[in-house]
Number of protein chains: 4
Amino acid sequence: MIGIALMGAGRMARTHAKAISAAGGKLVSVYDVVESAAKSLAGDFGAAAMPSAEEAFNRPDVAAVLVVTSSNTHVDLIIKAVQAGKAVMCEKPLAPNLTDAQRCIEVLGSKASSVFLAFNRRFDAGHAELKKAIDQGEIGSLEQLTITSRDPAPPPLDYIPNSGGLFRDMMIHDFDMVRWMLGDIDTACVTMVTQSGKQAMILNCRRAVFGYDQRIEAFGSAGMVISDNPRATGVTRYSSTTFGAPDRIFTFYMDRYGDSYRREIETFLGGVAAGTPPPVNAIDGLRASYLADAAGASLRLGRPIELKDNCEVTWSD
Amino acid sequence: MIGIALMGAGRMARTHAKAISAAGGKLVSVYDVVESAAKSLAGDFGAAAMPSAEEAFNRPDVAAVLVVTSSNTHVDLIIKAVQAGKAVMCEKPLAPNLTDAQRCIEVLGSKASSVFLAFNRRFDAGHAELKKAIDQGEIGSLEQLTITSRDPAPPPLDYIPNSGGLFRDMMIHDFDMVRWMLGDIDTACVTMVTQSGKQAMILNCRRAVFGYDQRIEAFGSAGMVISDNPRATGVTRYSSTTFGAPDRIFTFYMDRYGDSYRREIETFLGGVAAGTPPPVNAIDGLRASYLADAAGASLRLGRPIELKDNCEVTWSD
Amino acid sequence: MIGIALMGAGRMARTHAKAISAAGGKLVSVYDVVESAAKSLAGDFGAAAMPSAEEAFNRPDVAAVLVVTSSNTHVDLIIKAVQAGKAVMCEKPLAPNLTDAQRCIEVLGSKASSVFLAFNRRFDAGHAELKKAIDQGEIGSLEQLTITSRDPAPPPLDYIPNSGGLFRDMMIHDFDMVRWMLGDIDTACVTMVTQSGKQAMILNCRRAVFGYDQRIEAFGSAGMVISDNPRATGVTRYSSTTFGAPDRIFTFYMDRYGDSYRREIETFLGGVAAGTPPPVNAIDGLRASYLADAAGASLRLGRPIELKDNCEVTWSD
Amino acid sequence: MIGIALMGAGRMARTHAKAISAAGGKLVSVYDVVESAAKSLAGDFGAAAMPSAEEAFNRPDVAAVLVVTSSNTHVDLIIKAVQAGKAVMCEKPLAPNLTDAQRCIEVLGSKASSVFLAFNRRFDAGHAELKKAIDQGEIGSLEQLTITSRDPAPPPLDYIPNSGGLFRDMMIHDFDMVRWMLGDIDTACVTMVTQSGKQAMILNCRRAVFGYDQRIEAFGSAGMVISDNPRATGVTRYSSTTFGAPDRIFTFYMDRYGDSYRREIETFLGGVAAGTPPPVNAIDGLRASYLADAAGASLRLGRPIELKDNCEVTWSD
């Protein structure tokens with residue numbers, strides 16, 4: 001069984017702690033700047049609370065590290081854990097800004113591609129099925145991609161200062177998927193065109209009263225595949241004013257993406273056991289950061305921003 | 001943590017073994033007439049293989065017993081486990097025939113209602129949502145209930161001799177839900193009318209080429225609720241010959257009802273811990289057996305069969 | 001252009017009058033026992049109001065007769081119109097009771113199959129598509145057929161005395177489709193089994209608060225086709241309590257079946273012009289009457305009723 | 001009955017001719033540059049073929065004129081018909097280019113708002129229902145509008161030279177709905193932002209293999225309404241590889257928008273009879289032309305284009 005050190009003891013860390021045992025891993029230790037939080041979480045899962053991240057990295061029974069702390073600590077923890085020889089999985093985003101993200105990739109060097117970056121939506125059953133349909137040529141050549149990604153409510157206020165801003169914490173998911181973007185206070189749309197002419201649009205909003213609205217539509221020369229919002233159940237309702245209304249969609253991220261978190265951890269632990277590289281890594285994290293910054297620049301400058309092959313951008317305000 | 005003795009080591013037993021740890025229980029021992037199967041399953045979950053059921057019942061670290069053996073052994077194991085003071089959950093059906101079911105209830109006496117009978121469909125999220133809608137008066141007074149229950153393929157041949165016959169192994173689920181029924185080799189429909197005039201219809205078939213077709217429709221004076229087949233994902237497809245086709249429905253019972261098995265075990269363990277009676281018990285199992293036999297009689301005699309309040313039937317061939 | 005004499009000047013007659021001109025026919029005359037109603041309808045469509053049915057049948061510019069009067073006058077009008085050499089289309093049912101229906105077929109003799117009996121649901125686009133799928137073997141051999149047919153509200157009170165009773169006026173449609181049935185005051189279900197073992201179920205109710213609930217499901221060895229309720233538009237709605245609710249289904253028969261009435265008239269006029277026999281005729285009407293009576297007998301006697309090949313029944317109360 | 005002179009005798013003109021009689025109008029005359037086409041169409045509807053447009057405008061029994069000729073003749077025919085005192089309805093677009101559209105509005109002066117411009121999608125039942133939902137505040141304040149508009153196949157080659165280009169013939173519909181746009185050879189997406197911050201996106205493609213893909217999604221502060229593609233019937237299909245596939249969407253414009261054409265003509269004739277102004281007029285046509293040109297300029301210049309309140313644009317290449 002792979003021993004795991006958890007960095008962070010918040011809501012998301014608790015979610016991962018549960019997924020670890022379900023995936024056959026063993027939670028060995030928990031570290032958090034708030035010591036009482038680390039003790040509470042560690043106690044619930046039979047793990048040890050650590051006084052520092054370093055001590056966790058020094059334990060020989062720790063083979064892998066999960067970084068689930070606030071964004072501004074990601075880069076340092078990743079680097080130290082990699083240097084301690086541990087397998088690393090880090091919550092998105094890689095870093096709260098482009099400078100830190102670039103520094104991380106430089107320091108890691110060839111190890112950058114071995115860090116698992118947790119873009120969990122890649123592991124959503126519907127989105128993955130859509131991706132497979134595209135890859136297998138089911139819809140011919142892809143021509144237009146539309147991503148709708150609306151949250152039911154803004155994140156907690158105390159989460160925002162260290163999140164790197166709305167674009168980096170929310171839209172980073174969508175960037176990871178299409179590599180381009182735009183920004184706004186709470187409602188935004190982005191248009192992206194690839195070098196081969198494929199078009200992508202992202203629609204984001206912080207306030208969808210009906211819940212998480214997370215859909216992807218891929219239109220190609222031979223067809224179209226849509227990954228629609230899943231439902232709480234297969235129940236539909238009829239009354240004098242309702243005519244086959246489907247059941248509610250989800251408003252809590254664990255209900256909507258619980259399965260993808262489980263699959264993500266399984267994929268990480270499976271890769272560690274097999275010694276294979278992660279399907280999504282720190283370099284993907286850097287490229288998504290480029291896109292986030294390009295989107296911000298596009299909004300600020302009022303014009304499209306051109307990107308290089310590796311998503312690097314050069315612009316002047 | 002509640003220690004559990006598992007009776008049986010087949011496919012279904014393995015499913016329950018997984019659910020036990022996810023639900024916070026501890027699998028202590030495994031017994032099966034095929035000793036190698038018991039050893040294999042016990043080994044995979046860190047439990048002990050038992051040479052006999054009795055020895056499992058004698059262990060003080062066993063608080064609860066799960067009976068997942070072939071139908072013809074259910075009654076004896078239930079009685080012994082109850083007499084040993086253990087909490088008991090038993091897979092449906094209660095017994096392979098009405099005589100054994102009646103004997104079980106007589107011997108158990110007042111303990112009959114404390115035996116958890118595992119009609120797992122009661123724990124399906126969709127069906128439970130529909131039941132709640134009926135109970136809360138959402139559709140006014142219930143008038144017509146239609147249950148469609150079609151399996152993708154017949155069970156393994158070696159399962160049939162001890163299953164009590166097709167009606168008892170497959171339709172017993174539907175009997176539990178509406179309390180009336182009919183029989184046939186592999187395709188059947190049953191009509192039931194309650195004393196207050198509510199109508200229920202059951203459609204069964206052993207061979208639905210598109211997978212498990214398990215739907216319930218409740219029509220009432222103020223509306224209708226339908227619990228439809230869940231889908232593998234929320235993906236829909238378009239091509240030159242396909243226009244919004246939803247993703248596949250399930251063909252493996254664990255994919256279709258995996259969540260209901262988890263909820264069922266959680267409910268059982270939660271009840272054991274809280275000392276509350278199970279929501280579905282051995283007497284429910286007996287009543288479903290009455291219905292199965294009444295359906296067989298109706299088919300044989302070519303006429304409707306009348307039932308008493310407690311589902312007992314008196315007919316002469 | 002085919003000249004048409006309309007018998008009846010009620011709501012349904014007006015519907016047919018509109019369909020006649022859209023289908024390229026010419027409304028020549030209107031007759032009704034209520035003379036003012038005949039005058040009003042005739043005036044709106046540039047036709048002549050007739051003082052009697054006979055005078056309408058004597059006009060050489062009348063090639064076809066549409067019978068849309070109350071049920072108890074159908075047989076006499078059909079016979080007279082056929083004897084006058086006119087093509088005849090008659091609203092269902094053929095007659096208000098079995099005796100009259102049998103008399104009609106006897107008197108008509110070989111002409112019975114040339115009378116178009118207006119079972120308009122055969123011309124519904126969805127139901128017709130389902131029928132085609134069955135006939136073309138798309139679902140293999142048909143095994144279970146389920147017809148749901150619920151009306152939003154009972155018919156006007158003054159319609160009932162001459163309608164032949166609830167079973168003959170409402171369920172006659174479903175009889176025509178599967179040939180078997182049952183009865184009740186306002187909620188009923190019928191089970192039918194054909195000689196080759198195909199099963200059919202009909203669910204009827206006079207009071208569906210959400211509108212016309214008219215669905216057919218055909219399950220076969222190779223698949224299933226469902227003809228579901230059409231919607232007012234393709235609009236779906238989301239709010240904090242609604243999650244993709246489809247638009248309303250219909251509550252007025254002309255909205256639900258308007259297209260089928262148009263297609264029916266077109267089929268009738270097309271057949272008259274081409275000299276080909278109607279796809280559904282008076283003998284079909286008689287057989288549906290047999291089924292209606294058999295259903296009533298089954299309810300009265302509390303047992304299944306056996307039918308001969310031609311749907312004739314022999315039973316004793 | 002309102003007498004109507006039809007300008008044009010092509011496929012679209014024939015569609016309108018049918019709708020005229022269904023809407024209670026009377027087709028009096030037909031004119032087309034191809035005299036034989038005019039004669040054929042006039043003959044089929046009992047109307048007179050005219051040797052010139054002027055002679056049609058001079059007939060006292062002509063109260064209204066329908067312009068269904070090629071785009072480059074629209075402006076002249078509209079002006080002449082208005083000057084002859086006739087009510088006018090003209091197929092979109094108003095003119096093949098912005099200069100002609102501006103000239104038309106200038107010459108018409110105050111009469112511009114009395115010319116009915118046939119943006120038929122405003123009369124689609126689903127789109128109209130969505131508009132009503134927005135107007136009635138059902139989704140709170142509108143925030144994001146997404147229009148998907150994909151055709152099953154390019155128009156006939158001989159149609160293109162006089163159509164004003166792909167953007168003006170196809171996307172003009174979408175311009176009319178949101179007032180902003182972009183252009184491309186056969187696949188395009190446009191982003192528009194209104195002065196109050198509402199966002200709109202248009203997705204266009206000439207080649208959707210599954211048929212007309214014409215959807216509108218309106219997302220607001222209190223909900224979302226989607227007008228989805230209608231289906232040929234309410235039939236869904238199941239097989240070993242299909243799991244509830246809905247029936248086909250439409251590939252022929254008359255099947256998809258037949259009802260909207262009928263409603264459009266009814267609205268025109270109803271307005272003529274009542275003396276009320278049309279709900280969509282020549283000025284709307286001019287504004288859509290501004291948007292088409294702005295979209296072209298945006299594509300050419302590679303930057304967003306700003307518009308004035310009345311949609312007028314000032315840019316320099």
# chains A, B, ... in the order shown; residues from 1 in each chain; ligands from 1

$ closest_atom_pairs --of "chain D" --to "chain C" --cutoff "10 Å" --atoms "only C-alpha atoms" --output "Markdown table"
| residue | atom | partner | partner_atom | distance |
| --- | --- | --- | --- | --- |
| D:Lys18 | CA | C:Ala22 | CA | 9.5 |
| D:Ser21 | CA | C:Ala22 | CA | 9.0 |
| D:Ala22 | CA | C:Ala22 | CA | 7.2 |
| D:Asp124 | CA | C:Thr233 | CA | 9.0 |
| D:Ala125 | CA | C:Thr233 | CA | 6.1 |
| D:Gly126 | CA | C:Thr233 | CA | 4.9 |
| D:His127 | CA | C:Val235 | CA | 7.8 |
| D:Ala128 | CA | C:Thr233 | CA | 9.6 |
| D:Glu129 | CA | C:Val235 | CA | 7.2 |
| D:Leu130 | CA | C:Val235 | CA | 6.9 |
| D:Ala133 | CA | C:Arg237 | CA | 9.3 |
| D:Glu138 | CA | C:Ser239 | CA | 8.4 |
| D:Ile139 | CA | C:Ser239 | CA | 7.2 |
| D:Gly140 | CA | C:Ser239 | CA | 9.7 |
| D:Arg215 | CA | C:Gly234 | CA | 9.2 |
| D:Ile216 | CA | C:Val235 | CA | 9.2 |
| D:Glu217 | CA | C:Val235 | CA | 9.4 |
| D:Ala218 | CA | C:Arg237 | CA | 9.8 |
| D:Phe219 | CA | C:Tyr238 | CA | 9.0 |
| D:Gly220 | CA | C:Ser239 | CA | 9.4 |
| D:Ser221 | CA | C:Ser239 | CA | 9.3 |
| D:Ala222 | CA | C:Ser239 | CA | 6.1 |
| D:Gly223 | CA | C:Ser239 | CA | 4.1 |
| D:Met224 | CA | C:Tyr238 | CA | 4.8 |
| D:Val225 | CA | C:Arg237 | CA | 4.6 |
| D:Ile226 | CA | C:Thr236 | CA | 5.2 |
| D:Ser227 | CA | C:Val235 | CA | 4.2 |
| D:Asp228 | CA | C:Gly234 | CA | 4.9 |
| D:Asn229 | CA | C:Gly234 | CA | 6.1 |
| D:Pro230 | CA | C:Gly234 | CA | 5.3 |
| D:Arg231 | CA | C:Gly234 | CA | 8.3 |
| D:Ala232 | CA | C:Ala125 | CA | 8.1 |
| D:Thr233 | CA | C:Gly126 | CA | 4.9 |
| D:Gly234 | CA | C:Asp228 | CA | 4.9 |
| D:Val235 | CA | C:Ser227 | CA | 4.2 |
| D:Thr236 | CA | C:Ile226 | CA | 5.2 |
| D:Arg237 | CA | C:Val225 | CA | 4.6 |
| D:Tyr238 | CA | C:Met224 | CA | 4.8 |
| D:Ser239 | CA | C:Gly223 | CA | 4.1 |
| D:Ser240 | CA | C:Gly223 | CA | 6.8 |
| D:Thr241 | CA | C:Gly223 | CA | 9.3 |
| D:Thr242 | CA | C:Gly223 | CA | 8.6 |
| D:Phe243 | CA | C:Met224 | CA | 9.0 |
| D:Gly244 | CA | C:Val225 | CA | 8.2 |
| D:Ala245 | CA | C:Val225 | CA | 9.3 |
| D:Pro246 | CA | C:Ile226 | CA | 9.5 |
| D:Asp247 | CA | C:Gly126 | CA | 9.1 |

$ write_last_selection --atoms "C-alpha atoms" --output "PDB file, in the first residue's frame"
ATOM      1  CA  LYS D  18     -49.537  28.178 -49.973  1.00  0.00           C
ATOM      2  CA  SER D  21     -54.522  30.881 -48.742  1.00  0.00           C
ATOM      3  CA  ALA D  22     -54.128  29.048 -45.437  1.00  0.00           C
ATOM      4  CA  ASP D 124     -40.763  30.215 -34.559  1.00  0.00           C
ATOM      5  CA  ALA D 125     -42.830  28.873 -31.650  1.00  0.00           C
ATOM      6  CA  GLY D 126     -39.785  27.865 -29.576  1.00  0.00           C
ATOM      7  CA  HIS D 127     -37.767  31.022 -30.152  1.00  0.00           C
ATOM      8  CA  ALA D 128     -40.859  33.160 -29.487  1.00  0.00           C
ATOM      9  CA  GLU D 129     -41.510  31.270 -26.240  1.00  0.00           C
ATOM     10  CA  LEU D 130     -37.917  31.949 -25.170  1.00  0.00           C
ATOM     11  CA  ALA D 133     -39.702  34.186 -21.019  1.00  0.00           C
ATOM     12  CA  GLU D 138     -38.566  34.610 -15.959  1.00  0.00           C
ATOM     13  CA  ILE D 139     -34.763  34.402 -16.000  1.00  0.00           C
ATOM     14  CA  GLY D 140     -34.109  37.718 -14.223  1.00  0.00           C
ATOM     15  CA  ARG D 215     -30.739  26.576 -30.908  1.00  0.00           C
ATOM     16  CA  ILE D 216     -30.876  29.603 -28.627  1.00  0.00           C
ATOM     17  CA  GLU D 217     -29.846  29.630 -24.988  1.00  0.00           C
ATOM     18  CA  ALA D 218     -30.621  32.605 -22.747  1.00  0.00           C
ATOM     19  CA  PHE D 219     -28.903  32.667 -19.371  1.00  0.00           C
ATOM     20  CA  GLY D 220     -29.994  35.214 -16.777  1.00  0.00           C
ATOM     21  CA  SER D 221     -29.696  36.091 -13.134  1.00  0.00           C
ATOM     22  CA  ALA D 222     -32.730  33.987 -12.190  1.00  0.00           C
ATOM     23  CA  GLY D 223     -32.583  31.086 -14.623  1.00  0.00           C
ATOM     24  CA  MET D 224     -32.041  29.836 -18.156  1.00  0.00           C
ATOM     25  CA  VAL D 225     -34.297  29.027 -21.103  1.00  0.00           C
ATOM     26  CA  ILE D 226     -33.167  26.947 -24.067  1.00  0.00           C
ATOM     27  CA  SER D 227     -34.992  26.710 -27.387  1.00  0.00           C
ATOM     28  CA  ASP D 228     -33.749  23.368 -28.677  1.00  0.00           C
ATOM     29  CA  ASN D 229     -34.035  21.692 -32.082  1.00  0.00           C
ATOM     30  CA  PRO D 230     -37.526  20.284 -32.659  1.00  0.00           C
ATOM     31  CA  ARG D 231     -37.870  16.617 -33.685  1.00  0.00           C
ATOM     32  CA  ALA D 232     -39.728  14.953 -36.554  1.00  0.00           C
ATOM     33  CA  THR D 233     -41.775  12.969 -33.999  1.00  0.00           C
ATOM     34  CA  GLY D 234     -41.768  12.096 -30.298  1.00  0.00           C
ATOM     35  CA  VAL D 235     -40.385   8.620 -31.075  1.00  0.00           C
ATOM     36  CA  THR D 236     -37.290   7.315 -29.260  1.00  0.00           C
ATOM     37  CA  ARG D 237     -35.420   4.125 -30.085  1.00  0.00           C
ATOM     38  CA  TYR D 238     -33.596   1.391 -28.146  1.00  0.00           C
ATOM     39  CA  SER D 239     -31.483  -1.456 -29.516  1.00  0.00           C
ATOM     40  CA  SER D 240     -28.314  -3.234 -28.503  1.00  0.00           C
ATOM     41  CA  THR D 241     -26.368  -0.119 -29.535  1.00  0.00           C
ATOM     42  CA  THR D 242     -28.984   2.636 -29.119  1.00  0.00           C
ATOM     43  CA  PHE D 243     -30.457   3.714 -25.813  1.00  0.00           C
ATOM     44  CA  GLY D 244     -33.358   6.086 -26.187  1.00  0.00           C
ATOM     45  CA  ALA D 245     -32.263   7.923 -29.325  1.00  0.00           C
ATOM     46  CA  PRO D 246     -34.710  10.731 -30.214  1.00  0.00           C
ATOM     47  CA  ASP D 247     -36.143  10.991 -33.706  1.00  0.00           C
TER      48      ASP D 247
END

$ select_by_dssp --residues "range 4-108 of chain A" --states "strand (DSSP E or B)" --output "mmCIF file with N, CA and C atoms, in the first residue's frame"
data_model
loop_
_atom_site.group_PDB
_atom_site.id
_atom_site.type_symbol
_atom_site.label_atom_id
_atom_site.label_comp_id
_atom_site.auth_asym_id
_atom_site.auth_seq_id
_atom_site.Cartn_x
_atom_site.Cartn_y
_atom_site.Cartn_z
ATOM 1 N N ILE A 4 0.884 7.917 2.009
ATOM 2 C CA ILE A 4 0.663 9.259 1.474
ATOM 3 C C ILE A 4 0.719 10.323 2.565
ATOM 4 N N ALA A 5 1.435 11.415 2.252
ATOM 5 C CA ALA A 5 1.445 12.590 3.131
ATOM 6 C C ALA A 5 0.534 13.644 2.535
ATOM 7 N N LEU A 6 -0.403 14.101 3.336
ATOM 8 C CA LEU A 6 -1.355 15.099 2.867
ATOM 9 C C LEU A 6 -0.913 16.478 3.330
ATOM 10 N N MET A 7 -0.782 17.427 2.414
ATOM 11 C CA MET A 7 -0.484 18.818 2.744
ATOM 12 C C MET A 7 -1.808 19.584 2.677
ATOM 13 N N LYS A 26 -2.779 4.525 1.568
ATOM 14 C CA LYS A 26 -2.806 4.646 3.034
ATOM 15 C C LYS A 26 -2.395 6.052 3.424
ATOM 16 N N LEU A 27 -3.281 6.770 4.107
ATOM 17 C CA LEU A 27 -2.958 8.112 4.571
ATOM 18 C C LEU A 27 -2.052 8.006 5.785
ATOM 19 N N VAL A 28 -0.789 8.476 5.647
ATOM 20 C CA VAL A 28 0.205 8.330 6.713
ATOM 21 C C VAL A 28 0.260 9.571 7.595
ATOM 22 N N SER A 29 0.246 10.766 6.959
ATOM 23 C CA SER A 29 0.405 11.984 7.753
ATOM 24 C C SER A 29 -0.359 13.143 7.153
ATOM 25 N N VAL A 30 -0.659 14.127 8.017
ATOM 26 C CA VAL A 30 -1.363 15.328 7.586
ATOM 27 C C VAL A 30 -0.619 16.547 8.128
ATOM 28 N N TYR A 31 -0.392 17.535 7.246
ATOM 29 C CA TYR A 31 0.213 18.786 7.697
ATOM 30 C C TYR A 31 -0.677 19.954 7.281
ATOM 31 N N ALA A 48 -0.921 10.489 11.250
ATOM 32 C CA ALA A 48 -0.198 11.351 12.188
ATOM 33 C C ALA A 48 -0.225 12.799 11.733
ATOM 34 N N ALA A 49 -0.457 13.733 12.667
ATOM 35 C CA ALA A 49 -0.362 15.155 12.343
ATOM 36 C C ALA A 49 1.111 15.553 12.414
ATOM 37 N N ALA A 64 4.247 9.101 -1.437
ATOM 38 C CA ALA A 64 3.602 10.094 -2.301
ATOM 39 C C ALA A 64 3.060 11.249 -1.479
ATOM 40 N N VAL A 65 3.018 12.448 -2.111
ATOM 41 C CA VAL A 65 2.570 13.656 -1.425
ATOM 42 C C VAL A 65 1.401 14.270 -2.194
ATOM 43 N N LEU A 66 0.355 14.629 -1.460
ATOM 44 C CA LEU A 66 -0.795 15.326 -2.061
ATOM 45 C C LEU A 66 -0.804 16.758 -1.559
ATOM 46 N N VAL A 67 -0.679 17.728 -2.464
ATOM 47 C CA VAL A 67 -0.658 19.136 -2.074
ATOM 48 C C VAL A 67 -2.051 19.734 -2.250
ATOM 49 N N ALA A 87 6.638 10.968 -5.039
ATOM 50 C CA ALA A 87 5.670 11.215 -6.119
ATOM 51 C C ALA A 87 4.746 12.338 -5.645
ATOM 52 N N VAL A 88 4.379 13.256 -6.557
ATOM 53 C CA VAL A 88 3.601 14.423 -6.136
ATOM 54 C C VAL A 88 2.351 14.604 -6.989
ATOM 55 N N MET A 89 1.249 14.843 -6.280
ATOM 56 C CA MET A 89 0.025 15.284 -6.956
ATOM 57 C C MET A 89 -0.359 16.608 -6.311
ATOM 58 N N CYS A 90 -0.633 17.650 -7.162
ATOM 59 C CA CYS A 90 -0.940 18.981 -6.634
ATOM 60 C C CYS A 90 -2.274 19.470 -7.176
ATOM 61 N N GLU A 91 -3.084 20.029 -6.287
ATOM 62 C CA GLU A 91 -4.336 20.650 -6.710
ATOM 63 C C GLU A 91 -4.051 21.798 -7.668
#

$ atom_distance --atom1 "CA of Ala38 in chain B" --atom2 "CA of Ser52 in chain B"
10.6 Å

$ atom_distance --atom1 "CA of Asp32 in chain C" --atom2 "CA of Phe252 in chain C"
24.0 Å
